[in-house]
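Visitor: Please read through the structure below; I'll follow up with questions.
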Amino acid sequence: MRTEFIIATIFSIATLLLSCDKDDLDVKDGTYKGTFTVTYSSGTQTGQTTLELKNGKFSCSGNSNRIPAGGSGTFSYDNKKITFNDENAWPADFDWNLILSGKYDYSFDGKTLKISANKNDVGNYKYDLEKQGNGEIEYKL
């Protein structure tokens with residue numbers, strides 16, 4: 001009887017572990033580097049970016065051509081959605097969807113973080129990022 005219980009317990013734990021999807025991992029604090037891509041009906045533009053996440057706050061680097069524009073503030077995530085609340089004042093002379101702000105779909109496998117959104121029927125905004133380092137990363141937000 002005890003052996004059957006142990007076997008059933010091991011089987012249950014193994015089933016749970018094998019059924020977990022790698023994309024269901026929580027986004028981890030740290031530094032992520034990679035490529036931002038925006039696709040408009042008129043074409044695609046890309047730029048390099050760095051995203052830092054720490055304790056519910058974020059900072060995203062921007063480029064002089066605003067591909068991407070960057071942003072900083074707070075973030076939260078649940079159910080494959082991540083929401084960035086940018087806290088900066090911006091001029092009105094460019095596509096504000098280039099600012100990392102609002103609700104995005106995301107996937108994270110422990111190393112690769114993919115963030116994307118189709119915003120206001122203007123374009124598709126996508127971040128393909130890799131987590132940097134293995135240990136503690138020091139940075140300021």
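Letters A, B, ... mark the chains of the structure tokens in the order given; residue numbers begin at 1 per chain; ligand numbers begin at 1, in order shown.
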Write out as a list of chain:residue names which residues come within 9 Å of Lys119 in chain A when counting only C-alpha atoms, dropping same-chain ones fewer than 5 positions away.

Guide: A:Asn97, A:Asn124, A:Tyr125

Visitor: Those same residues, written as a tab-separated table (two decimals), in the first residue's frame with N, CA, C and O atoms?

Guide:
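Listed below is the output, out28.tsv:
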```
chain	number	residue	atom	x	y	z
A	97	ASN	N	3.72	55.24	-30.05
A	97	ASN	CA	3.74	53.79	-29.87
A	97	ASN	C	5.18	53.27	-29.81
A	97	ASN	O	5.40	52.13	-29.42
A	124	ASN	N	3.13	47.06	-35.84
A	124	ASN	CA	3.44	45.96	-34.95
A	124	ASN	C	4.77	46.29	-34.29
A	124	ASN	O	5.77	46.50	-34.98
A	125	TYR	N	4.80	46.32	-32.96
A	125	TYR	CA	5.96	46.74	-32.18
A	125	TYR	C	6.47	45.52	-31.42
A	125	TYR	O	5.73	44.91	-30.65
```

Visitor: Can you list, as a PDB file with all heavy atoms, in the first residue's frame, every protein, DNA or RNA residue that comes within 10 Å of Glu87 in chain A when you count only C-alpha atoms, leaving out same-chain residues fewer than 6 positions away?

Guide:
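part-v8.pdb was written with the following content:
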```
ATOM      1  N   GLY A  71      11.760  54.584 -22.595  1.00  0.00           N
ATOM      2  CA  GLY A  71      10.727  54.778 -21.589  1.00  0.00           C
ATOM      3  C   GLY A  71      11.198  54.298 -20.237  1.00  0.00           C
ATOM      4  O   GLY A  71      12.181  53.563 -20.133  1.00  0.00           O
ATOM      5  N   SER A  72      10.500  54.729 -19.199  1.00  0.00           N
ATOM      6  CA  SER A  72      10.786  54.259 -17.847  1.00  0.00           C
ATOM      7  C   SER A  72       9.573  54.502 -16.968  1.00  0.00           C
ATOM      8  O   SER A  72       8.753  55.380 -17.243  1.00  0.00           O
ATOM      9  CB  SER A  72      12.022  54.962 -17.267  1.00  0.00           C
ATOM     10  OG  SER A  72      11.798  56.352 -17.153  1.00  0.00           O
ATOM     11  N   GLY A  73       9.456  53.689 -15.938  1.00  0.00           N
ATOM     12  CA  GLY A  73       8.320  53.794 -15.035  1.00  0.00           C
ATOM     13  C   GLY A  73       8.110  52.482 -14.307  1.00  0.00           C
ATOM     14  O   GLY A  73       9.064  51.855 -13.868  1.00  0.00           O
ATOM     15  N   THR A  74       6.862  52.041 -14.231  1.00  0.00           N
ATOM     16  CA  THR A  74       6.532  50.796 -13.538  1.00  0.00           C
ATOM     17  C   THR A  74       5.988  49.768 -14.531  1.00  0.00           C
ATOM     18  O   THR A  74       5.552  50.122 -15.622  1.00  0.00           O
ATOM     19  CB  THR A  74       5.473  51.045 -12.443  1.00  0.00           C
ATOM     20  OG1 THR A  74       4.291  51.557 -13.045  1.00  0.00           O
ATOM     21  CG2 THR A  74       5.991  52.007 -11.388  1.00  0.00           C
ATOM     22  N   SER A 101       5.255  51.536 -23.538  1.00  0.00           N
ATOM     23  CA  SER A 101       4.156  51.912 -22.658  1.00  0.00           C
ATOM     24  C   SER A 101       2.891  51.190 -23.121  1.00  0.00           C
ATOM     25  O   SER A 101       2.683  51.012 -24.314  1.00  0.00           O
ATOM     26  CB  SER A 101       3.943  53.428 -22.710  1.00  0.00           C
ATOM     27  OG  SER A 101       2.987  53.826 -21.762  1.00  0.00           O
TER      28      SER A 101
END
```

Visitor: Using 6 Å as the limit and counting only C-alpha atoms, can you tabulate each residue of range 27-71 of chain A that touches range 128-132 of chain A, with its shortest atom-to-atom distance in Å and the two atoms involved, as JSON lines?

Guide:
```
{"residue": "A:Thr31", "atom": "CA", "partner": "A:Gln132", "partner_atom": "CA", "distance": 5.6}
{"residue": "A:Tyr32", "atom": "CA", "partner": "A:Lys131", "partner_atom": "CA", "distance": 4.4}
{"residue": "A:Lys33", "atom": "CA", "partner": "A:Leu129", "partner_atom": "CA", "distance": 5.1}
{"residue": "A:Gly34", "atom": "CA", "partner": "A:Leu129", "partner_atom": "CA", "distance": 4.3}
{"residue": "A:Thr35", "atom": "CA", "partner": "A:Asp128", "partner_atom": "CA", "distance": 5.4}
```

Visitor: Measuring atom to atom with only C-alpha atoms, identify which of A:Tyr40, A:Phe108, A:Ala92, A:Gln48 is nearest to Asn120 in chain A.

Guide: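 Counting only C-alpha atoms, the residue closest to Asn120 in chain A is A:Tyr40.
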
Visitor: Just how far from CA of Asp26 in chain A is CA of Gly70 in chain A, in Å to one decimal?

Guide: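 These two atoms are separated by 22.6 Å.
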
Visitor: Could you give me, as a list in words, the residues within 10 Å of Lys126 in chain A, counting only C-alpha atoms and dropping anything in the same chain fewer than 5 positions from it?

Guide: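 So the residues in contact are Thr35, Phe36, Thr37, Val38, Thr39, Thr46, Pro68, Leu98, Tyr104, Asp105, Tyr106, Lys114, Ile115, Ser116, Ala117 and Asn118 of chain A.
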